[in-house]
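Q: coords07.cif is the file, holding mmCIF, N, CA and C atoms:
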```
data_upload
#
loop_
_atom_site.label_atom_id
_atom_site.label_comp_id
_atom_site.auth_asym_id
_atom_site.auth_seq_id
_atom_site.Cartn_x
_atom_site.Cartn_y
_atom_site.Cartn_z
N MET A 246 -11.60 -14.80 -0.11
CA MET A 246 -12.17 -14.32 -1.36
C MET A 246 -11.37 -14.90 -2.51
N LYS A 247 -12.06 -15.50 -3.43
CA LYS A 247 -11.43 -16.03 -4.64
C LYS A 247 -12.10 -15.38 -5.84
N TRP A 248 -11.29 -14.87 -6.75
CA TRP A 248 -11.80 -14.22 -7.93
C TRP A 248 -11.70 -15.17 -9.11
N ASP A 249 -12.59 -14.99 -10.09
CA ASP A 249 -12.56 -15.80 -11.30
C ASP A 249 -11.42 -15.37 -12.24
N LYS A 250 -11.16 -14.09 -12.28
CA LYS A 250 -10.06 -13.55 -13.07
C LYS A 250 -9.32 -12.52 -12.22
N PRO A 251 -8.11 -12.17 -12.58
CA PRO A 251 -7.34 -11.24 -11.74
C PRO A 251 -8.06 -9.91 -11.59
N PRO A 252 -8.29 -9.47 -10.35
CA PRO A 252 -8.96 -8.19 -10.14
C PRO A 252 -7.99 -7.04 -10.34
N LEU A 253 -8.50 -5.94 -10.81
CA LEU A 253 -7.65 -4.79 -11.07
C LEU A 253 -7.59 -3.84 -9.88
N TRP A 254 -8.71 -3.65 -9.17
CA TRP A 254 -8.72 -2.64 -8.12
C TRP A 254 -7.81 -2.94 -6.93
N PRO A 255 -7.65 -4.19 -6.44
CA PRO A 255 -6.74 -4.37 -5.30
C PRO A 255 -5.27 -4.19 -5.66
N VAL A 256 -4.96 -4.19 -6.94
CA VAL A 256 -3.57 -4.00 -7.35
C VAL A 256 -3.31 -2.52 -7.65
N THR A 257 -4.19 -1.89 -8.39
CA THR A 257 -3.90 -0.54 -8.87
C THR A 257 -4.25 0.56 -7.87
N ILE A 258 -5.41 0.50 -7.26
CA ILE A 258 -5.84 1.60 -6.40
C ILE A 258 -4.91 1.81 -5.21
N PRO A 259 -4.54 0.76 -4.44
CA PRO A 259 -3.62 1.02 -3.32
C PRO A 259 -2.26 1.56 -3.76
N SER A 260 -1.71 1.01 -4.83
CA SER A 260 -0.38 1.48 -5.25
C SER A 260 -0.45 2.90 -5.82
N ILE A 261 -1.52 3.24 -6.51
CA ILE A 261 -1.68 4.61 -7.02
C ILE A 261 -1.87 5.59 -5.87
N CYS A 262 -2.66 5.20 -4.87
CA CYS A 262 -2.83 6.06 -3.70
C CYS A 262 -1.50 6.28 -2.98
N GLY A 263 -0.71 5.23 -2.83
CA GLY A 263 0.60 5.37 -2.21
C GLY A 263 1.53 6.24 -3.03
N PHE A 264 1.49 6.07 -4.34
CA PHE A 264 2.34 6.87 -5.22
C PHE A 264 2.01 8.35 -5.10
N PHE A 265 0.72 8.69 -5.19
CA PHE A 265 0.34 10.09 -5.14
C PHE A 265 0.49 10.70 -3.75
N SER A 266 0.33 9.90 -2.71
CA SER A 266 0.54 10.46 -1.37
C SER A 266 2.01 10.79 -1.15
N ALA A 267 2.93 10.05 -1.76
CA ALA A 267 4.36 10.37 -1.66
C ALA A 267 4.71 11.59 -2.49
N CYS A 268 3.99 11.83 -3.58
CA CYS A 268 4.27 12.97 -4.45
C CYS A 268 3.61 14.25 -3.95
N MET A 269 2.62 14.17 -3.10
CA MET A 269 1.87 15.35 -2.67
C MET A 269 2.73 16.45 -2.05
N PRO A 270 3.71 16.16 -1.19
CA PRO A 270 4.51 17.26 -0.62
C PRO A 270 5.29 18.03 -1.69
N TYR A 271 5.60 17.39 -2.80
CA TYR A 271 6.36 18.06 -3.85
C TYR A 271 5.46 18.84 -4.81
N ILE A 272 4.23 18.42 -4.94
CA ILE A 272 3.31 19.06 -5.88
C ILE A 272 2.56 20.22 -5.21
N PHE A 273 2.03 19.96 -4.01
CA PHE A 273 1.24 20.96 -3.29
C PHE A 273 2.00 21.42 -2.05
N GLN A 274 1.78 22.64 -1.65
CA GLN A 274 2.36 23.14 -0.41
C GLN A 274 1.36 22.92 0.72
N ILE A 275 1.37 21.71 1.28
CA ILE A 275 0.43 21.34 2.33
C ILE A 275 1.15 21.46 3.67
N PRO A 276 0.54 22.15 4.64
CA PRO A 276 1.19 22.21 5.95
C PRO A 276 1.33 20.81 6.55
N TYR A 277 2.38 20.59 7.26
CA TYR A 277 2.72 19.34 7.94
C TYR A 277 3.19 18.24 6.98
N PHE A 278 3.23 18.51 5.70
CA PHE A 278 3.81 17.56 4.75
C PHE A 278 5.22 18.06 4.45
N ILE A 279 6.20 17.36 4.90
CA ILE A 279 7.59 17.77 4.75
C ILE A 279 8.18 17.01 3.56
N GLU A 280 8.82 17.75 2.66
CA GLU A 280 9.46 17.09 1.51
C GLU A 280 10.55 16.16 2.00
N GLY A 281 10.59 14.96 1.46
CA GLY A 281 11.60 13.98 1.83
C GLY A 281 11.19 13.07 2.98
N SER A 282 10.12 13.40 3.66
CA SER A 282 9.65 12.57 4.77
C SER A 282 8.47 11.72 4.31
N LEU A 283 8.46 10.47 4.69
CA LEU A 283 7.37 9.58 4.33
C LEU A 283 6.33 9.43 5.43
N ILE A 284 6.54 10.07 6.56
CA ILE A 284 5.64 9.88 7.69
C ILE A 284 4.26 10.49 7.41
N SER A 285 4.22 11.71 6.89
CA SER A 285 2.92 12.34 6.58
C SER A 285 2.18 11.58 5.47
N PRO A 286 2.83 11.21 4.37
CA PRO A 286 2.11 10.41 3.38
C PRO A 286 1.66 9.05 3.92
N PHE A 287 2.44 8.48 4.83
CA PHE A 287 2.04 7.21 5.44
C PHE A 287 0.77 7.39 6.26
N MET A 288 0.70 8.48 7.03
CA MET A 288 -0.49 8.74 7.83
C MET A 288 -1.70 8.98 6.92
N LEU A 289 -1.48 9.63 5.78
CA LEU A 289 -2.56 9.82 4.82
C LEU A 289 -3.05 8.48 4.29
N LEU A 290 -2.13 7.55 4.04
CA LEU A 290 -2.53 6.21 3.57
C LEU A 290 -3.34 5.47 4.63
N ILE A 291 -2.96 5.66 5.89
CA ILE A 291 -3.73 5.03 6.98
C ILE A 291 -5.17 5.54 6.94
N LEU A 292 -5.34 6.85 6.75
CA LEU A 292 -6.69 7.40 6.67
C LEU A 292 -7.42 6.95 5.41
N LEU A 293 -6.71 6.90 4.30
CA LEU A 293 -7.35 6.48 3.04
C LEU A 293 -7.77 5.01 3.08
N SER A 294 -7.10 4.21 3.89
CA SER A 294 -7.46 2.79 3.96
C SER A 294 -8.84 2.58 4.59
N LEU A 295 -9.34 3.59 5.26
CA LEU A 295 -10.71 3.48 5.77
C LEU A 295 -11.73 3.42 4.64
N GLY A 296 -11.32 3.80 3.45
CA GLY A 296 -12.19 3.70 2.27
C GLY A 296 -12.48 2.26 1.88
N LEU A 297 -11.78 1.32 2.50
CA LEU A 297 -12.07 -0.09 2.22
C LEU A 297 -13.43 -0.52 2.75
N ASN A 298 -14.07 0.35 3.52
CA ASN A 298 -15.45 0.07 3.94
C ASN A 298 -16.38 0.00 2.73
N PHE A 299 -15.96 0.58 1.61
CA PHE A 299 -16.77 0.59 0.40
C PHE A 299 -16.34 -0.49 -0.60
N SER A 300 -15.54 -1.43 -0.15
CA SER A 300 -15.11 -2.52 -1.04
C SER A 300 -16.29 -3.46 -1.31
N PRO A 301 -16.17 -4.29 -2.33
CA PRO A 301 -17.29 -5.18 -2.68
C PRO A 301 -17.68 -6.09 -1.51
N PRO A 302 -18.97 -6.35 -1.33
CA PRO A 302 -19.43 -7.13 -0.18
C PRO A 302 -18.96 -8.58 -0.19
N GLU A 303 -18.63 -9.12 -1.36
CA GLU A 303 -18.20 -10.52 -1.40
C GLU A 303 -16.83 -10.74 -0.76
N ILE A 304 -16.10 -9.68 -0.47
CA ILE A 304 -14.80 -9.84 0.19
C ILE A 304 -14.99 -10.36 1.61
N GLY A 305 -16.04 -9.91 2.27
CA GLY A 305 -16.30 -10.39 3.62
C GLY A 305 -16.25 -9.27 4.64
N ASN A 306 -15.76 -9.59 5.81
CA ASN A 306 -15.73 -8.66 6.94
C ASN A 306 -14.81 -7.48 6.66
N LYS A 307 -15.38 -6.29 6.65
CA LYS A 307 -14.61 -5.09 6.33
C LYS A 307 -13.63 -4.73 7.45
N ILE A 308 -13.97 -5.04 8.69
CA ILE A 308 -13.08 -4.74 9.81
C ILE A 308 -11.81 -5.58 9.69
N GLU A 309 -11.96 -6.85 9.35
CA GLU A 309 -10.77 -7.70 9.15
C GLU A 309 -9.94 -7.22 7.97
N LEU A 310 -10.59 -6.75 6.92
CA LEU A 310 -9.88 -6.25 5.75
C LEU A 310 -9.04 -5.02 6.11
N ILE A 311 -9.63 -4.10 6.85
CA ILE A 311 -8.90 -2.90 7.26
C ILE A 311 -7.81 -3.24 8.26
N ALA A 312 -8.08 -4.16 9.17
CA ALA A 312 -7.05 -4.57 10.14
C ALA A 312 -5.86 -5.22 9.44
N GLY A 313 -6.11 -6.04 8.45
CA GLY A 313 -5.03 -6.64 7.68
C GLY A 313 -4.24 -5.60 6.90
N THR A 314 -4.95 -4.61 6.39
CA THR A 314 -4.28 -3.53 5.66
C THR A 314 -3.39 -2.73 6.59
N TRP A 315 -3.90 -2.37 7.76
CA TRP A 315 -3.10 -1.60 8.72
C TRP A 315 -1.90 -2.41 9.22
N PHE A 316 -2.11 -3.69 9.49
CA PHE A 316 -1.00 -4.53 9.93
C PHE A 316 0.09 -4.57 8.87
N SER A 317 -0.31 -4.80 7.64
CA SER A 317 0.66 -4.89 6.55
C SER A 317 1.36 -3.55 6.33
N MET A 318 0.63 -2.46 6.42
CA MET A 318 1.24 -1.16 6.22
C MET A 318 2.27 -0.86 7.31
N LEU A 319 1.94 -1.18 8.54
CA LEU A 319 2.89 -0.96 9.64
C LEU A 319 4.11 -1.86 9.49
N PHE A 320 3.88 -3.12 9.16
CA PHE A 320 4.99 -4.06 9.02
C PHE A 320 5.85 -3.73 7.79
N SER A 321 5.26 -3.11 6.79
CA SER A 321 6.00 -2.75 5.59
C SER A 321 6.72 -1.42 5.72
N PHE A 322 6.26 -0.57 6.62
CA PHE A 322 6.83 0.76 6.73
C PHE A 322 7.85 0.90 7.87
N LEU A 323 7.55 0.39 9.04
CA LEU A 323 8.42 0.62 10.20
C LEU A 323 9.84 0.08 10.04
N PRO A 324 10.08 -1.10 9.49
CA PRO A 324 11.47 -1.54 9.32
C PRO A 324 12.28 -0.65 8.38
N GLN A 325 11.61 0.10 7.51
CA GLN A 325 12.31 0.99 6.60
C GLN A 325 13.07 2.08 7.37
N LEU A 326 12.62 2.39 8.58
CA LEU A 326 13.29 3.40 9.38
C LEU A 326 14.68 2.93 9.82
N PHE A 327 14.90 1.63 9.89
CA PHE A 327 16.17 1.08 10.37
C PHE A 327 16.95 0.32 9.30
N LEU A 328 16.26 -0.22 8.34
CA LEU A 328 16.87 -1.09 7.34
C LEU A 328 16.54 -0.53 5.95
N PHE A 329 17.49 0.17 5.34
CA PHE A 329 17.21 0.88 4.09
C PHE A 329 16.72 -0.02 2.96
N PRO A 330 17.30 -1.21 2.71
CA PRO A 330 16.81 -1.99 1.56
C PRO A 330 15.48 -2.72 1.81
N TRP A 331 14.80 -2.40 2.90
CA TRP A 331 13.53 -3.05 3.22
C TRP A 331 12.49 -2.85 2.11
N PHE A 332 12.54 -1.70 1.43
CA PHE A 332 11.55 -1.42 0.39
C PHE A 332 11.63 -2.44 -0.74
N ILE A 333 12.80 -3.02 -0.99
CA ILE A 333 12.94 -4.03 -2.03
C ILE A 333 12.17 -5.29 -1.64
N ILE A 334 12.30 -5.68 -0.39
CA ILE A 334 11.59 -6.85 0.13
C ILE A 334 10.09 -6.65 0.05
N VAL A 335 9.64 -5.46 0.45
CA VAL A 335 8.20 -5.15 0.42
C VAL A 335 7.68 -5.18 -1.01
N PHE A 336 8.41 -4.58 -1.93
CA PHE A 336 7.96 -4.55 -3.33
C PHE A 336 7.90 -5.96 -3.91
N LEU A 337 8.92 -6.76 -3.67
CA LEU A 337 8.92 -8.13 -4.20
C LEU A 337 7.83 -8.98 -3.57
N PHE A 338 7.56 -8.77 -2.28
CA PHE A 338 6.47 -9.48 -1.61
C PHE A 338 5.13 -9.11 -2.25
N TRP A 339 4.90 -7.82 -2.47
CA TRP A 339 3.64 -7.38 -3.07
C TRP A 339 3.51 -7.92 -4.49
N LEU A 340 4.59 -7.92 -5.24
CA LEU A 340 4.55 -8.44 -6.60
C LEU A 340 4.20 -9.93 -6.61
N SER A 341 4.81 -10.69 -5.71
CA SER A 341 4.50 -12.12 -5.65
C SER A 341 3.06 -12.36 -5.20
N GLN A 342 2.57 -11.53 -4.28
CA GLN A 342 1.19 -11.66 -3.84
C GLN A 342 0.22 -11.34 -4.96
N SER A 343 0.54 -10.36 -5.77
CA SER A 343 -0.34 -9.97 -6.87
C SER A 343 -0.46 -11.06 -7.92
N ILE A 344 0.53 -11.93 -7.97
CA ILE A 344 0.50 -13.01 -8.95
C ILE A 344 -0.43 -14.14 -8.53
N TYR A 345 -0.49 -14.45 -7.21
CA TYR A 345 -1.25 -15.65 -6.85
C TYR A 345 -2.35 -15.48 -5.81
N VAL A 346 -2.49 -14.34 -5.14
CA VAL A 346 -3.52 -14.21 -4.11
C VAL A 346 -4.93 -14.36 -4.68
N TRP A 347 -5.16 -13.83 -5.85
CA TRP A 347 -6.50 -13.87 -6.42
C TRP A 347 -6.94 -15.28 -6.80
N LYS A 348 -6.00 -16.22 -6.93
CA LYS A 348 -6.34 -17.58 -7.36
C LYS A 348 -6.89 -18.45 -6.24
N LYS A 349 -6.60 -18.10 -5.00
CA LYS A 349 -7.00 -18.94 -3.87
C LYS A 349 -8.03 -18.22 -3.02
N ASN A 350 -8.68 -18.97 -2.17
CA ASN A 350 -9.71 -18.41 -1.30
C ASN A 350 -9.08 -18.00 0.03
N TYR A 351 -8.76 -16.72 0.17
CA TYR A 351 -8.15 -16.20 1.38
C TYR A 351 -9.15 -15.39 2.18
N PRO A 352 -8.97 -15.34 3.51
CA PRO A 352 -9.86 -14.52 4.34
C PRO A 352 -9.58 -13.03 4.11
N PRO A 353 -10.49 -12.16 4.57
CA PRO A 353 -10.33 -10.72 4.35
C PRO A 353 -9.03 -10.16 4.96
N PHE A 354 -8.59 -10.69 6.09
CA PHE A 354 -7.35 -10.20 6.69
C PHE A 354 -6.18 -10.42 5.74
N ARG A 355 -6.14 -11.55 5.09
CA ARG A 355 -5.06 -11.88 4.16
C ARG A 355 -5.11 -11.01 2.91
N VAL A 356 -6.31 -10.72 2.43
CA VAL A 356 -6.47 -9.82 1.30
C VAL A 356 -6.04 -8.41 1.71
N GLY A 357 -6.31 -8.03 2.96
CA GLY A 357 -5.86 -6.74 3.48
C GLY A 357 -4.35 -6.64 3.52
N ILE A 358 -3.67 -7.74 3.82
CA ILE A 358 -2.21 -7.73 3.81
C ILE A 358 -1.71 -7.44 2.39
N TRP A 359 -2.35 -8.03 1.42
CA TRP A 359 -1.99 -7.78 0.02
C TRP A 359 -2.21 -6.30 -0.34
N ILE A 360 -3.35 -5.76 0.04
CA ILE A 360 -3.67 -4.37 -0.28
C ILE A 360 -2.72 -3.41 0.44
N GLY A 361 -2.42 -3.67 1.70
CA GLY A 361 -1.52 -2.80 2.45
C GLY A 361 -0.10 -2.80 1.91
N SER A 362 0.39 -3.96 1.53
CA SER A 362 1.74 -4.00 0.95
C SER A 362 1.78 -3.31 -0.41
N GLY A 363 0.67 -3.33 -1.13
CA GLY A 363 0.60 -2.60 -2.39
C GLY A 363 0.62 -1.09 -2.17
N ALA A 364 -0.06 -0.63 -1.13
CA ALA A 364 -0.06 0.80 -0.83
C ALA A 364 1.33 1.28 -0.44
N ILE A 365 2.03 0.51 0.37
CA ILE A 365 3.37 0.92 0.79
C ILE A 365 4.36 0.78 -0.37
N SER A 366 4.17 -0.19 -1.24
CA SER A 366 5.03 -0.28 -2.43
C SER A 366 4.86 0.95 -3.30
N GLY A 367 3.62 1.39 -3.47
CA GLY A 367 3.37 2.62 -4.21
C GLY A 367 3.98 3.83 -3.52
N LEU A 368 3.96 3.84 -2.20
CA LEU A 368 4.57 4.92 -1.44
C LEU A 368 6.07 4.99 -1.69
N TYR A 369 6.73 3.84 -1.68
CA TYR A 369 8.17 3.81 -1.93
C TYR A 369 8.51 4.23 -3.36
N ILE A 370 7.76 3.72 -4.32
CA ILE A 370 8.00 4.07 -5.73
C ILE A 370 7.73 5.57 -5.94
N GLY A 371 6.67 6.07 -5.32
CA GLY A 371 6.35 7.50 -5.43
C GLY A 371 7.40 8.38 -4.77
N SER A 372 8.00 7.90 -3.69
CA SER A 372 9.04 8.70 -3.04
C SER A 372 10.29 8.79 -3.92
N PHE A 373 10.64 7.69 -4.58
CA PHE A 373 11.76 7.75 -5.52
C PHE A 373 11.45 8.69 -6.68
N PHE A 374 10.26 8.55 -7.24
CA PHE A 374 9.86 9.39 -8.36
C PHE A 374 9.86 10.86 -7.97
N SER A 375 9.27 11.18 -6.83
CA SER A 375 9.18 12.58 -6.43
C SER A 375 10.54 13.16 -6.09
N HIS A 376 11.42 12.35 -5.53
CA HIS A 376 12.73 12.85 -5.17
C HIS A 376 13.61 13.08 -6.40
N TYR A 377 13.57 12.16 -7.34
CA TYR A 377 14.45 12.26 -8.49
C TYR A 377 13.87 12.96 -9.70
N VAL A 378 12.55 13.04 -9.81
CA VAL A 378 11.92 13.66 -10.98
C VAL A 378 11.30 15.00 -10.62
N LEU A 379 10.55 15.06 -9.52
CA LEU A 379 9.84 16.29 -9.17
C LEU A 379 10.71 17.28 -8.43
N LEU A 380 11.77 16.85 -7.83
CA LEU A 380 12.61 17.75 -7.03
C LEU A 380 13.49 18.62 -7.88
#
```
Just dump the structure as structure tokens.
A:
Amino acid sequence: MKWDKPPLWPVTIPSICGFFSACMPYIFQIPYFIEGSLISPFMLLILLSLGLNFSPPEIGNKIELIAGTWFSMLFSFLPQLFLFPWFIIVFLFWLSQSIYVWKKNYPPFRVGIWIGSGAISGLYIGSFFSHYVLL
């Protein structure tokens, strides 16, 4: 998918969803959402990524888009369990992708990688915000 101008929805919606899913345990008293844990918000992002079925038809195969998103989300989240500064790498990767992915013609799986890394970047930023501001 190649866009004529930078699209707003693949950048903002995943990162906003990640941000708010990380803040939800601090704002609402939801069972199974533990404050300080990113596992429940991560699972919520996995479920929310199924909403990519409603993405514009010109992107292409929706199954590939969701598979790329899930792959990117897993690859962006699991190393954080062992390597604390991993979130910096994920955020910088997503930022670099946001600068140039829209300029070239990439398959849906590759666009899904961009969307998934944006969701996890929002999750990390939201976890910092919720821990230091909402707590």
Q: Considering only C-alpha atoms, can you say which of A:Pro353, A:Gly263, A:Pro251, A:Gly281 comes closest to Gly371 in chain A?
A: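 Looking only at the distances to Gly371 in chain A, the closest residue turns out to be A:Gly263.
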Q: Kindly indicate which residue among A:Gln325, A:Ser294, A:Gln274, A:Asn306 lies nearest to Pro352 in chain A, using all atoms listed in the file for the distances.
A: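 Smallest distance to Pro352 in chain A is found for A:Asn306.
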Q: Given the file shown, determine the residues that the PyMOL selection byres (((chain A and resi 359 and name CA) around 9) and name CA) selects; report them as an MDAnalysis selection string.
A: chainID A and resid 255:256 313:314 317 338:339 342:343 346 354:358 360:364
Q: Run through the PyMOL selection byres ((chain A and resi 280) around 8) on the given coordinates and return the selected residues as a ChimeraX atom specification.
A: /A:269-271,277-279,281-283
Q: For the selection you just gave me, I'd like the residues written to a file as a PDB file, keeping the file's coordinate frame, keeping N, CA and C atoms.
A:
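Done, and the output landed in result09.pdb:
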```
ATOM      1  N   MET A 269       2.620  14.170  -3.100  1.00  0.00           N
ATOM      2  CA  MET A 269       1.870  15.350  -2.670  1.00  0.00           C
ATOM      3  C   MET A 269       2.730  16.450  -2.050  1.00  0.00           C
ATOM      4  N   PRO A 270       3.710  16.160  -1.190  1.00  0.00           N
ATOM      5  CA  PRO A 270       4.510  17.260  -0.620  1.00  0.00           C
ATOM      6  C   PRO A 270       5.290  18.030  -1.690  1.00  0.00           C
ATOM      7  N   TYR A 271       5.600  17.390  -2.800  1.00  0.00           N
ATOM      8  CA  TYR A 271       6.360  18.060  -3.850  1.00  0.00           C
ATOM      9  C   TYR A 271       5.460  18.840  -4.810  1.00  0.00           C
ATOM     10  N   TYR A 277       2.380  20.590   7.260  1.00  0.00           N
ATOM     11  CA  TYR A 277       2.720  19.340   7.940  1.00  0.00           C
ATOM     12  C   TYR A 277       3.190  18.240   6.980  1.00  0.00           C
ATOM     13  N   PHE A 278       3.230  18.510   5.700  1.00  0.00           N
ATOM     14  CA  PHE A 278       3.810  17.560   4.750  1.00  0.00           C
ATOM     15  C   PHE A 278       5.220  18.060   4.450  1.00  0.00           C
ATOM     16  N   ILE A 279       6.200  17.360   4.900  1.00  0.00           N
ATOM     17  CA  ILE A 279       7.590  17.770   4.750  1.00  0.00           C
ATOM     18  C   ILE A 279       8.180  17.010   3.560  1.00  0.00           C
ATOM     19  N   GLY A 281      10.590  14.960   1.460  1.00  0.00           N
ATOM     20  CA  GLY A 281      11.600  13.980   1.830  1.00  0.00           C
ATOM     21  C   GLY A 281      11.190  13.070   2.980  1.00  0.00           C
ATOM     22  N   SER A 282      10.120  13.400   3.660  1.00  0.00           N
ATOM     23  CA  SER A 282       9.650  12.570   4.770  1.00  0.00           C
ATOM     24  C   SER A 282       8.470  11.720   4.310  1.00  0.00           C
ATOM     25  N   LEU A 283       8.460  10.470   4.690  1.00  0.00           N
ATOM     26  CA  LEU A 283       7.370   9.580   4.330  1.00  0.00           C
ATOM     27  C   LEU A 283       6.330   9.430   5.430  1.00  0.00           C
TER      28      LEU A 283
END
```
Q: Pull out every residue that the PyMOL selection byres ((chain A and resi 248) around 6) matches in the shown coordinates and put them as a list in words.
A: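 Written out, the selection comes to Met246, Lys247, Asp249, Lys250, Pro251, Trp347, Lys348 and Lys349 of chain A.
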Q: Just the residues within 9 Å of Leu297 in chain A, please, counting only C-alpha atoms, with nothing from its chain fewer than 5 positions along; format it as number ranges by chain.
A: A: 307-308, 310-311
Q: Please measure the separation of CA of Leu290 in chain A and CA of Ile365 in chain A, giving the value in Å to one decimal.
A: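 Taking CA of Leu290 in chain A as the start and CA of Ile365 in chain A as the end point, the length is 8.4 Å.
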Q: Among the residues of chain A, find those DSSP assigns to alpha helix (DSSP H) from the backbone and print them as a PyMOL selection string.
A: chain A and resi 254-272+284-293+307-322+331-345+353-374
Q: Find the residue from A:Tyr345, A:Trp315, A:Ile291, A:Tyr369 that sits nearest to Phe332 in chain A; use only N, CA and C atoms when measuring.
A: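 Closest to Phe332 in chain A, using only N, CA and C atoms: A:Tyr369.
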Q: Kindly give the distance, in Å, that separates CA of Pro276 in chain A and CA of Leu323 in chain A, rounded to a single decimal.
A: 23.2 Å
Q: By how many Å are atom C of Trp254 in chain A and atom N of Ser300 in chain A apart?
A: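 Computed distance, atom C of Trp254 in chain A to atom N of Ser300 in chain A, equals 10.4 Å.
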Q: I want to know what sits within 9 Å of Ile272 in chain A, based on only C-alpha atoms, with residues of the same chain fewer than 4 positions away left out; could you give that as a JSON list (two decimals) with N, CA and C atoms, in the coordinates of the input?
A:
```
[["chain", "number", "residue", "atom", "x", "y", "z"],
["A", 268, "CYS", "N", 3.99, 11.83, -3.58],
["A", 268, "CYS", "CA", 4.27, 12.97, -4.45],
["A", 268, "CYS", "C", 3.61, 14.25, -3.95],
["A", 375, "SER", "N", 9.27, 11.18, -6.83],
["A", 375, "SER", "CA", 9.18, 12.58, -6.43],
["A", 375, "SER", "C", 10.54, 13.16, -6.09],
["A", 379, "LEU", "N", 10.55, 15.06, -9.52],
["A", 379, "LEU", "CA", 9.84, 16.29, -9.17],
["A", 379, "LEU", "C", 10.71, 17.28, -8.43]]
```
Q: Just add all heavy atoms to range 372-377 of chain A and send it as an mmCIF file, keeping the file's coordinate frame.
A:
```
data_model
loop_
_atom_site.group_PDB
_atom_site.id
_atom_site.type_symbol
_atom_site.label_atom_id
_atom_site.label_comp_id
_atom_site.auth_asym_id
_atom_site.auth_seq_id
_atom_site.Cartn_x
_atom_site.Cartn_y
_atom_site.Cartn_z
ATOM 1 N N SER A 372 8.000 7.900 -3.690
ATOM 2 C CA SER A 372 9.040 8.700 -3.040
ATOM 3 C C SER A 372 10.290 8.790 -3.920
ATOM 4 O O SER A 372 10.918 9.846 -3.997
ATOM 5 C CB SER A 372 9.392 8.128 -1.670
ATOM 6 O OG SER A 372 10.056 6.895 -1.784
ATOM 7 N N PHE A 373 10.640 7.690 -4.580
ATOM 8 C CA PHE A 373 11.760 7.750 -5.520
ATOM 9 C C PHE A 373 11.450 8.690 -6.680
ATOM 10 O O PHE A 373 12.276 9.502 -7.080
ATOM 11 C CB PHE A 373 12.106 6.360 -6.063
ATOM 12 C CG PHE A 373 12.957 5.555 -5.147
ATOM 13 C CD1 PHE A 373 12.470 4.379 -4.616
ATOM 14 C CD2 PHE A 373 14.228 5.973 -4.811
ATOM 15 C CE1 PHE A 373 13.241 3.626 -3.763
ATOM 16 C CE2 PHE A 373 15.009 5.225 -3.955
ATOM 17 C CZ PHE A 373 14.514 4.050 -3.422
ATOM 18 N N PHE A 374 10.260 8.550 -7.240
ATOM 19 C CA PHE A 374 9.860 9.390 -8.360
ATOM 20 C C PHE A 374 9.860 10.860 -7.970
ATOM 21 O O PHE A 374 10.398 11.709 -8.691
ATOM 22 C CB PHE A 374 8.468 8.982 -8.860
ATOM 23 C CG PHE A 374 7.939 9.852 -9.959
ATOM 24 C CD1 PHE A 374 8.356 9.660 -11.263
ATOM 25 C CD2 PHE A 374 7.029 10.859 -9.689
ATOM 26 C CE1 PHE A 374 7.879 10.451 -12.279
ATOM 27 C CE2 PHE A 374 6.546 11.667 -10.697
ATOM 28 C CZ PHE A 374 6.969 11.469 -12.001
ATOM 29 N N SER A 375 9.270 11.180 -6.830
ATOM 30 C CA SER A 375 9.180 12.580 -6.430
ATOM 31 C C SER A 375 10.540 13.160 -6.090
ATOM 32 O O SER A 375 10.807 14.325 -6.351
ATOM 33 C CB SER A 375 8.218 12.736 -5.254
ATOM 34 O OG SER A 375 8.655 11.984 -4.149
ATOM 35 N N HIS A 376 11.420 12.350 -5.530
ATOM 36 C CA HIS A 376 12.730 12.850 -5.170
ATOM 37 C C HIS A 376 13.610 13.080 -6.400
ATOM 38 O O HIS A 376 14.328 14.077 -6.484
ATOM 39 C CB HIS A 376 13.422 11.904 -4.202
ATOM 40 C CG HIS A 376 14.773 12.371 -3.770
ATOM 41 N ND1 HIS A 376 14.927 13.407 -2.878
ATOM 42 C CD2 HIS A 376 16.006 11.977 -4.120
ATOM 43 C CE1 HIS A 376 16.210 13.622 -2.692
ATOM 44 N NE2 HIS A 376 16.901 12.764 -3.437
ATOM 45 N N TYR A 377 13.570 12.160 -7.340
ATOM 46 C CA TYR A 377 14.450 12.260 -8.490
ATOM 47 C C TYR A 377 13.870 12.960 -9.700
ATOM 48 O O TYR A 377 14.607 13.437 -10.557
ATOM 49 C CB TYR A 377 14.943 10.862 -8.903
ATOM 50 C CG TYR A 377 15.866 10.274 -7.876
ATOM 51 C CD1 TYR A 377 15.481 9.177 -7.119
ATOM 52 C CD2 TYR A 377 17.123 10.821 -7.660
ATOM 53 C CE1 TYR A 377 16.330 8.650 -6.163
ATOM 54 C CE2 TYR A 377 17.976 10.292 -6.715
ATOM 55 C CZ TYR A 377 17.567 9.211 -5.962
ATOM 56 O OH TYR A 377 18.408 8.688 -5.023
#
```
